[in-house]
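Data file: model-v6.cif. Format and content: mmCIF, C-alpha atoms.
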data_upload
#
loop_
_atom_site.label_atom_id
_atom_site.label_comp_id
_atom_site.auth_asym_id
_atom_site.auth_seq_id
_atom_site.Cartn_x
_atom_site.Cartn_y
_atom_site.Cartn_z
CA SER K 1 0.00 0.00 0.00
CA GLY K 2 3.03 2.28 0.28
CA LYS K 3 2.30 2.98 3.95
CA PHE K 4 4.55 2.48 6.98
CA LEU K 5 3.34 1.22 10.35
CA ILE K 6 5.10 2.19 13.58
CA PRO K 7 4.18 1.90 17.26
CA GLY K 8 2.17 4.72 18.80
CA LEU K 9 4.42 7.48 20.10
CA PHE K 10 5.05 8.44 23.73
CA ASP K 11 5.56 12.00 24.96
CA MET K 12 7.32 11.49 28.29
CA HIS K 13 7.39 15.10 29.41
CA THR K 14 4.40 17.28 28.72
CA HIS K 15 2.04 19.47 30.67
CA PHE K 16 -1.54 20.40 30.01
CA PHE K 17 -1.63 23.53 27.88
CA TYR K 18 -5.18 24.48 28.69
CA GLU K 19 -7.03 24.74 31.95
CA GLN K 20 -10.68 23.95 32.49
CA GLY K 21 -12.93 26.57 30.95
CA GLU K 22 -16.42 27.54 31.95
CA HIS K 23 -18.13 25.78 29.06
CA ILE K 24 -15.64 23.18 27.87
CA ASN K 25 -12.81 21.23 29.43
CA THR K 26 -9.98 22.28 27.16
CA ASN K 27 -7.74 19.50 28.52
CA GLU K 28 -9.82 17.29 26.25
CA ILE K 29 -8.84 19.41 23.25
CA GLU K 30 -5.16 18.99 24.03
CA LEU K 31 -5.55 15.23 24.28
CA LYS K 32 -7.04 15.18 20.78
CA LEU K 33 -4.10 17.26 19.53
CA MET K 34 -1.70 14.69 20.96
CA LEU K 35 -3.54 11.76 19.44
CA ALA K 36 -3.76 13.45 16.04
CA ASN K 37 0.03 13.74 16.10
CA GLY K 38 0.51 10.03 16.75
CA ILE K 39 0.92 10.18 20.54
CA THR K 40 -0.92 7.25 22.08
CA THR K 41 0.68 7.56 25.53
CA ALA K 42 1.66 10.73 27.37
CA ARG K 43 3.19 11.44 30.75
CA ILE K 44 1.83 14.57 32.42
CA MET K 45 4.62 15.93 34.57
CA THR K 46 2.84 18.34 36.92
CA GLY K 47 0.03 16.65 38.77
CA HIS K 48 -3.36 18.05 39.68
CA PRO K 49 -6.66 16.33 40.57
CA SER K 50 -8.18 17.45 37.26
CA PHE K 51 -5.42 15.55 35.43
CA LEU K 52 -6.32 12.36 37.30
CA GLU K 53 -9.88 12.98 36.14
CA ALA K 54 -8.63 13.37 32.57
CA ARG K 55 -6.75 10.07 32.87
CA GLU K 56 -9.94 8.37 34.02
CA ASN K 57 -12.01 10.00 31.26
CA VAL K 58 -9.68 8.44 28.68
CA ARG K 59 -9.72 5.06 30.41
CA ASN K 60 -13.51 4.83 30.49
CA GLY K 61 -13.94 6.08 26.94
CA LYS K 62 -15.58 9.38 27.84
CA TRP K 63 -12.74 11.25 26.11
CA ILE K 64 -10.66 10.35 23.08
CA GLY K 65 -6.95 10.70 23.72
CA PRO K 66 -3.67 9.02 24.62
CA GLU K 67 -3.29 6.84 27.69
CA LEU K 68 -2.03 9.06 30.49
CA SER K 69 0.59 8.57 33.17
CA VAL K 70 0.26 11.42 35.68
CA ALA K 71 3.11 12.46 37.96
CA SER K 72 2.33 14.01 41.33
CA PRO K 73 2.16 17.73 42.03
CA GLN K 74 5.71 19.07 42.09
CA LEU K 75 7.54 18.64 45.37
CA VAL K 76 9.47 21.88 45.92
CA GLY K 77 11.53 23.56 48.62
CA LYS K 78 9.69 26.82 48.01
CA TRP K 79 7.52 28.33 45.30
CA PRO K 80 8.54 31.83 44.17
CA PHE K 81 6.23 32.04 41.15
CA PRO K 82 2.79 33.71 41.06
CA THR K 83 0.09 31.20 40.12
CA GLU K 84 -3.54 30.47 40.85
CA PHE K 85 -3.26 26.90 39.61
CA LYS K 86 -1.71 24.96 42.50
CA ASN K 87 0.18 21.97 41.13
CA TYR K 88 2.97 21.93 43.70
CA GLU K 89 3.56 20.96 47.34
CA ILE K 90 6.16 22.69 49.51
CA VAL K 91 8.28 20.09 51.30
CA THR K 92 10.90 21.28 53.79
CA SER K 93 11.25 18.41 56.28
CA GLU K 94 11.58 14.64 56.43
CA ALA K 95 8.13 14.37 58.04
CA LYS K 96 6.56 16.43 55.24
CA ALA K 97 8.42 14.33 52.65
CA ASN K 98 6.94 11.13 54.06
CA GLU K 99 3.48 12.66 54.22
CA ALA K 100 3.57 14.01 50.65
CA VAL K 101 4.83 10.79 49.08
CA THR K 102 2.31 8.63 50.95
CA THR K 103 -0.57 10.99 50.17
CA PHE K 104 0.15 11.27 46.45
CA LYS K 105 0.62 7.51 46.11
CA GLN K 106 -2.76 6.97 47.79
CA ARG K 107 -4.42 9.52 45.51
CA GLY K 108 -3.37 7.51 42.50
CA TYR K 109 -0.51 9.45 40.97
CA ASP K 110 1.91 7.36 38.91
CA ALA K 111 5.21 8.91 40.06
CA ILE K 112 6.62 11.46 42.48
CA LYS K 113 7.76 14.64 40.70
CA ILE K 114 10.59 16.79 42.09
CA THR K 115 11.43 20.27 40.90
CA PHE K 116 12.77 23.41 42.53
CA MET K 117 14.90 24.39 45.52
CA MET K 118 14.91 21.03 47.23
CA THR K 119 17.58 20.53 49.91
CA LYS K 120 19.62 17.33 49.86
CA PRO K 121 18.34 15.95 53.22
CA VAL K 122 14.71 16.44 52.15
CA TYR K 123 15.51 14.98 48.73
CA LYS K 124 16.93 11.85 50.35
CA ALA K 125 13.84 11.58 52.55
CA ILE K 126 11.59 11.75 49.48
CA VAL K 127 13.61 9.06 47.71
CA ALA K 128 13.47 6.79 50.79
CA ALA K 129 9.73 7.32 51.20
CA ALA K 130 9.14 6.59 47.51
CA ALA K 131 11.12 3.35 47.80
CA ARG K 132 8.92 2.26 50.72
CA GLU K 133 5.78 3.13 48.75
CA ASN K 134 7.13 1.46 45.58
CA ILE K 135 6.66 4.53 43.39
CA LYS K 136 9.20 6.08 40.99
CA VAL K 137 10.88 9.45 41.57
CA VAL K 138 11.14 11.60 38.44
CA GLY K 139 11.92 15.14 37.45
CA HIS K 140 14.51 17.83 38.04
CA VAL K 141 17.86 17.78 39.82
CA GLY K 142 18.56 21.06 41.58
CA PRO K 143 21.83 22.75 42.56
CA LEU K 144 21.25 21.88 46.23
CA VAL K 145 21.10 18.17 45.29
CA MET K 146 23.48 17.89 42.32
CA LEU K 147 23.94 15.00 39.94
CA PRO K 148 25.91 12.48 42.07
CA ALA K 149 23.09 12.28 44.63
CA ALA K 150 20.47 11.84 41.89
CA LEU K 151 22.49 9.07 40.24
CA GLU K 152 22.91 7.33 43.59
CA ALA K 153 19.15 7.58 44.14
CA LYS K 154 18.55 6.24 40.60
CA GLN K 155 16.11 9.06 39.91
CA GLN K 156 14.76 9.36 36.39
CA ILE K 157 16.17 12.72 35.23
CA GLU K 158 14.57 15.38 33.04
CA HIS K 159 16.24 18.07 30.90
CA LEU K 160 19.83 16.80 31.49
CA ASP K 161 19.60 18.65 34.80
CA MET K 162 23.01 19.23 36.44
CA PHE K 163 24.77 17.30 33.68
CA ILE K 164 26.42 20.46 32.38
CA GLU K 165 27.76 21.34 35.83
CA THR K 166 29.96 18.23 35.73
CA LEU K 167 31.89 19.83 32.85
CA LEU K 168 33.15 22.76 34.93
CA PRO K 169 36.89 22.67 35.68
CA ASP K 170 36.04 23.02 39.39
CA THR K 171 33.39 24.40 41.72
CA SER K 172 34.95 27.87 41.88
CA TYR K 173 33.08 28.81 38.71
CA ASN K 174 29.78 30.39 39.79
CA HIS K 175 29.78 28.21 42.93
CA GLY K 176 29.63 25.06 40.82
CA GLN K 177 26.57 26.10 38.84
CA SER K 178 26.30 26.39 35.07
CA VAL K 179 23.42 26.56 32.60
CA SER K 180 21.29 23.57 33.57
CA ASP K 181 17.54 24.10 33.71
CA TYR K 182 16.45 27.46 35.16
CA ASN K 183 20.01 28.78 35.06
CA ILE K 184 19.42 29.51 31.38
CA TYR K 185 18.00 32.75 32.80
CA SER K 186 21.16 33.54 34.81
CA LYS K 187 23.89 35.76 33.37
CA ALA K 188 26.36 34.41 35.93
CA ALA K 189 25.68 30.87 34.73
CA TRP K 190 26.26 31.77 31.08
CA VAL K 191 29.66 33.25 31.98
CA THR K 192 30.80 29.71 32.84
CA VAL K 193 30.07 28.31 29.36
CA PRO K 194 33.44 29.14 27.75
CA HIS K 195 35.11 27.15 30.55
CA LEU K 196 33.04 23.99 30.11
CA MET K 197 35.14 20.96 29.15
CA GLU K 198 33.50 18.78 26.50
CA SER K 199 36.25 16.20 27.03
CA LYS K 200 34.48 15.18 30.25
CA ILE K 201 31.27 14.14 28.48
CA PRO K 202 32.17 10.48 27.67
CA ALA K 203 33.05 9.77 31.31
CA LEU K 204 29.82 11.45 32.40
CA ALA K 205 27.85 9.20 30.04
CA GLN K 206 29.48 6.13 31.57
CA ARG K 207 28.54 7.27 35.08
CA VAL K 208 24.92 7.66 34.00
CA LYS K 209 25.00 4.23 32.35
CA VAL K 210 26.33 2.61 35.54
CA ALA K 211 23.55 4.28 37.54
CA GLY K 212 21.02 2.48 35.34
CA ILE K 213 18.63 5.41 34.91
CA TYR K 214 16.46 6.74 32.08
CA VAL K 215 17.03 10.28 30.80
CA THR K 216 14.62 12.64 29.03
CA PRO K 217 16.75 15.40 27.41
CA THR K 218 13.96 17.74 26.10
CA ASN K 219 16.62 19.20 23.82
CA TYR K 220 14.21 20.81 21.36
CA PHE K 221 12.86 23.14 24.02
CA PHE K 222 16.29 24.21 25.27
CA ILE K 223 17.92 24.52 21.85
CA SER K 224 15.09 26.31 20.04
CA ASN K 225 14.38 28.73 22.87
CA ALA K 226 17.54 29.20 24.96
CA GLY K 227 20.37 28.18 22.64
CA LEU K 228 19.55 29.33 19.14
CA PRO K 229 16.07 30.86 19.39
CA GLN K 230 13.84 30.79 16.37
CA THR K 231 12.96 34.10 14.76
CA ASP K 232 9.51 35.59 15.20
CA GLU K 233 8.73 34.68 11.60
CA GLU K 234 9.83 31.06 12.05
CA ILE K 235 7.59 30.70 15.10
CA LYS K 236 4.57 32.14 13.36
CA LYS K 237 5.06 29.97 10.26
CA LYS K 238 4.98 26.71 12.21
CA PRO K 239 1.67 24.87 11.72
CA ASP K 240 1.25 24.39 15.46
CA TYR K 241 1.38 28.14 16.21
CA ASN K 242 -2.31 28.50 15.33
CA TYR K 243 -3.22 25.97 18.02
CA ILE K 244 -1.95 28.18 20.84
CA PRO K 245 -4.97 29.81 22.55
CA SER K 246 -5.15 33.46 21.59
CA ASN K 247 -5.33 34.58 25.22
CA LEU K 248 -1.94 32.92 25.86
CA LYS K 249 -0.09 34.12 22.77
CA GLN K 250 0.39 37.64 24.08
CA GLU K 251 1.72 36.31 27.37
CA LYS K 252 4.19 34.04 25.57
CA TRP K 253 5.46 36.85 23.35
CA LYS K 254 6.12 39.01 26.42
CA TYR K 255 7.94 36.12 28.07
CA ARG K 256 10.06 35.58 24.96
CA GLU K 257 10.88 39.30 24.64
CA CYS K 258 12.09 39.36 28.23
CA TYR K 259 14.34 36.35 27.64
CA ILE K 260 15.75 37.61 24.32
CA LYS K 261 16.92 40.81 26.03
CA LYS K 262 19.01 38.75 28.46
CA MET K 263 20.54 36.37 25.91
CA ALA K 264 24.18 35.40 26.21
CA PRO K 265 26.67 36.05 23.37
CA LEU K 266 26.22 33.87 20.29
CA ALA K 267 29.49 31.96 20.80
CA SER K 268 28.38 30.81 24.26
CA ARG K 269 24.97 29.79 23.00
CA GLU K 270 26.47 27.83 20.11
CA LYS K 271 28.75 25.99 22.53
CA TYR K 272 25.78 25.29 24.79
CA VAL K 273 23.86 23.74 21.88
CA GLN K 274 26.85 21.65 20.83
CA ILE K 275 27.30 20.38 24.40
CA ARG K 276 23.65 19.34 24.69
CA LYS K 277 23.87 17.48 21.38
CA GLN K 278 27.15 15.80 22.33
CA MET K 279 25.69 14.72 25.67
CA VAL K 280 22.73 13.05 24.00
CA ASN K 281 25.03 11.33 21.51
CA GLU K 282 27.42 10.04 24.19
CA LEU K 283 24.56 8.86 26.41
CA TRP K 284 23.11 6.92 23.48
CA LYS K 285 26.48 5.39 22.57
CA ALA K 286 26.99 4.40 26.21
CA GLY K 287 23.67 2.56 26.17
CA VAL K 288 21.71 4.94 28.43
CA PRO K 289 17.99 4.60 27.64
CA LEU K 290 16.78 7.95 26.35
CA MET K 291 13.14 9.01 26.25
CA ALA K 292 11.51 11.66 24.08
CA GLY K 293 9.73 14.47 25.87
CA SER K 294 8.54 17.80 24.54
CA ASP K 295 8.27 19.95 27.69
CA SER K 296 5.25 21.53 26.03
CA PRO K 297 3.72 24.07 26.42
CA GLU K 298 6.76 26.13 27.45
CA PHE K 299 7.42 29.13 25.18
CA PHE K 300 5.85 28.16 21.83
CA VAL K 301 6.30 24.40 22.20
CA VAL K 302 2.84 23.03 21.38
CA PRO K 303 1.58 19.68 22.75
CA GLY K 304 1.42 16.92 20.18
CA PHE K 305 3.36 18.64 17.44
CA ALA K 306 6.48 19.14 19.54
CA ILE K 307 7.31 15.45 19.90
CA HIS K 308 8.17 15.43 16.19
CA ASP K 309 10.57 18.32 16.77
CA GLU K 310 12.14 16.46 19.69
CA LEU K 311 12.71 13.35 17.56
CA LYS K 312 14.42 15.55 14.97
CA THR K 313 16.82 16.84 17.66
CA MET K 314 17.69 13.24 18.53
CA VAL K 315 18.80 12.66 14.95
CA ASP K 316 20.58 16.03 14.88
CA ALA K 317 22.55 14.78 17.90
CA GLY K 318 23.75 11.76 15.93
CA LEU K 319 21.17 9.07 16.67
CA THR K 320 19.91 7.01 13.78
CA PRO K 321 16.24 7.49 12.88
CA TYR K 322 15.60 3.98 14.26
CA ALA K 323 17.23 4.88 17.59
CA ALA K 324 15.30 8.15 17.70
CA LEU K 325 12.04 6.25 17.26
CA GLN K 326 13.02 3.97 20.12
CA THR K 327 13.14 7.01 22.42
CA ALA K 328 9.42 7.54 21.76
CA THR K 329 8.28 3.90 21.67
CA VAL K 330 9.96 0.90 23.31
CA ASN K 331 12.17 2.86 25.73
CA PRO K 332 9.35 4.75 27.49
CA ALA K 333 7.10 1.68 27.33
CA THR K 334 9.80 -0.25 29.18
CA PHE K 335 10.28 2.52 31.75
CA LEU K 336 6.54 2.68 32.43
CA GLU K 337 6.43 -1.14 32.61
CA MET K 338 3.97 -1.26 29.71
CA ASN K 339 6.22 -3.01 27.20
CA ASN K 340 4.33 -6.28 27.63
CA ARG K 341 1.36 -4.67 25.88
CA THR K 342 2.57 -1.64 23.89
CA GLY K 343 5.64 0.12 22.50
CA THR K 344 6.35 -2.32 19.67
CA VAL K 345 4.52 -3.65 16.62
CA THR K 346 4.16 -7.25 17.76
CA VAL K 347 1.47 -9.91 17.59
CA GLY K 348 -0.53 -9.86 20.80
CA ARG K 349 0.22 -6.21 21.67
CA GLU K 350 -2.43 -3.52 21.91
CA ALA K 351 -3.22 -1.69 18.68
CA ASP K 352 -1.35 1.51 19.57
CA LEU K 353 -0.19 2.25 16.05
CA VAL K 354 0.61 5.10 13.69
CA LEU K 355 0.29 4.72 9.90
CA LEU K 356 2.63 6.96 7.90
CA HIS K 357 2.72 7.93 4.22
CA LYS K 358 6.54 7.95 4.19
CA ASN K 359 9.29 5.87 5.78
CA PRO K 360 10.70 7.52 8.94
CA LEU K 361 13.80 5.30 8.80
CA GLN K 362 14.83 7.21 5.67
CA ASP K 363 14.09 10.64 7.15
CA ILE K 364 12.86 11.24 10.70
CA ASN K 365 10.77 14.16 9.43
CA HIS K 366 8.54 11.58 7.76
CA ILE K 367 7.11 10.96 11.24
CA ARG K 368 4.88 13.94 10.45
CA THR K 369 3.25 12.26 7.42
CA ILE K 370 0.48 10.67 9.46
CA ALA K 371 -2.22 8.81 7.55
CA GLY K 372 -3.99 7.40 10.61
CA VAL K 373 -3.70 6.64 14.33
CA SER K 374 -5.04 3.68 16.28
CA SER K 375 -5.09 3.79 20.08
CA GLY K 376 -5.72 0.65 22.09
#

Re-express the file's structure as structure tokens.
Amino acid sequence: SGKFLIPGLFDMHTHFFYEQGEHINTNEIELKLMLANGITTARIMTGHPSFLEARENVRNGKWIGPELSVASPQLVGKWPFPTEFKNYEIVTSEAKANEAVTTFKQRGYDAIKITFMMTKPVYKAIVAAAARENIKVVGHVGPLVMLPAALEAKQQIEHLDMFIETLLPDTSYNHGQSVSDYNIYSKAAWVTVPHLMESKIPALAQRVKVAGIYVTPTNYFFISNAGLPQTDEEIKKKPDYNYIPSNLKQEKWKYRECYIKKMAPLASREKYVQIRKQMVNELWKAGVPLMAGSDSPEFFVVPGFAIHDELKTMVDAGLTPYAALQTATVNPATFLEMNNRTGTVTVGREADLVLLHKNPLQDINHIRTIAGVSSG
């Protein structure tokens, strides 16, 4: 027939773009966007009771969309951001760590999510509590925790957090902090970039391999927004731009304008991009299981569409198209312990499938030529 069948795609790091409206639950719209782009399983990385409801609505057939894995509300040391949508829990003691982990496991969340400003003793308490409750710990690694502790805890790591810091000559540079995660907004962090030592990356990849963890790089978000930002015209020409709610576009443009004004020199940003690509390549060569995640809807990264962009960055980093597809199929299925029923095109598996007009093994961009999607 000239068509190509692949397993349904996973997006292992996304957030709901829309909140519940007065007349329509716009979370349902986003789920349809994901499914239309070939995503049959998605991991929502900032938990909220309404997201558990969305997961159940898909399970019982009320909504059409990908199967959902929902991480807990973010466990944080403090929350400095203004928001009316509370999807975080402040955890500053071992007792609170135990309480939060137990509570979120009982409420039905699929993993414990860690993000900002977490101290190392509280982090260790969360990891210990999660082990007792038999629930995975996922998310960020902060500068108060650092990478060695996260590798020892065997945490699943997002965004290559604190990987870049291991490339500093020593901790005298910006107190051991570089441009991981939120430090892309820090001028002091960008000053360290010329001193980063790419020669340390292969050894770093081996350390991660020995730890036995899964890594979700989310390189498209960091490269296209922080490293080498797209022009205004490039953003507006993307087919997904029109799917951003009009009331949010203005906010995103203001956010982008603020960031552009603070951008580091081009040479530092080019080195940053090269380092992120080299890290992904070395991790893959070392045998570290990588997982595709979009980090939508940050900046202009749109749910559903962005997973195709992320797969392209995997190939840009040196992965073969086949290996890139594995980051969005069998690898995440194995991590989520679903590989006995999905993640591969195999007799007896669920019919999570994407039919393409063109062969993605010849060009990863062919992943966009979707003829049809089957979920479950």

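Restricting the calculation to all atoms listed in the file, the smallest distance between K:Pro121 and any of K:Ser93, K:Ser180, K:Ser375, K:Gln156 is found for K:Ser93.
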
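Coordinates place atom CA of K:Ala286 at a distance of 26.5 Å from atom CA of K:Met45.
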
### Task
Given the file shown, determine the residues that the PyMOL selection byres ((chain K and resi 155) around 9) selects; report them as an MDAnalysis selection string.
chainID K and resid 127 136:139 141 150:154 156:157 213:214

### Nearest to K:Lys86 by atom-to-atom distance, counting only C-alpha atoms, from K:His48, K:Lys252, K:Lys262, K:Lys113
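Of all the options, K:His48 lies closest to K:Lys86.
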
### Task
Using only C-alpha atoms, find the one residue out of K:Asp352, K:Leu31, K:Ala125, K:Glu251 that sits nearest to K:Val58.
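Answer, going by the shortest atom-to-atom distance: K:Leu31.
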
### Task
For the structure provided, state which residues fall under the PyMOL selection byres ((chain K and resi 278) around 12), and present them as a PyMOL selection string.
chain K and resi 160+163-164+197-202+204-205+217+219+271-277+279-285+313-319

#### Entry: Ground truth for the PyMOL selection byres ((chain K and resi 16) around 9), written as an MDAnalysis selection string
chainID K and resid 14:15 17:19 27 30:31 44:46 51 296:297 303

## Note on the structure
Between K:Trp63, K:Tyr182, K:Phe104, K:Phe116, smallest distance to K:Trp79 by all atoms listed in the file belongs to K:Phe116

### Task
Would you mind reading off the distance between atom CA of K:Ala264 and atom CA of K:Lys187, one decimal, in Å?
7.2 Å

### Message
Nearest residue to K:Ala131 out of K:Val101, K:Met118, K:Leu147, K:Met162, using all atoms listed in the file?
### Response
K:Val101

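Reported to one decimal place, the separation of atom CA of K:Gly212 from atom CA of K:Val288 is 7.4 Å.
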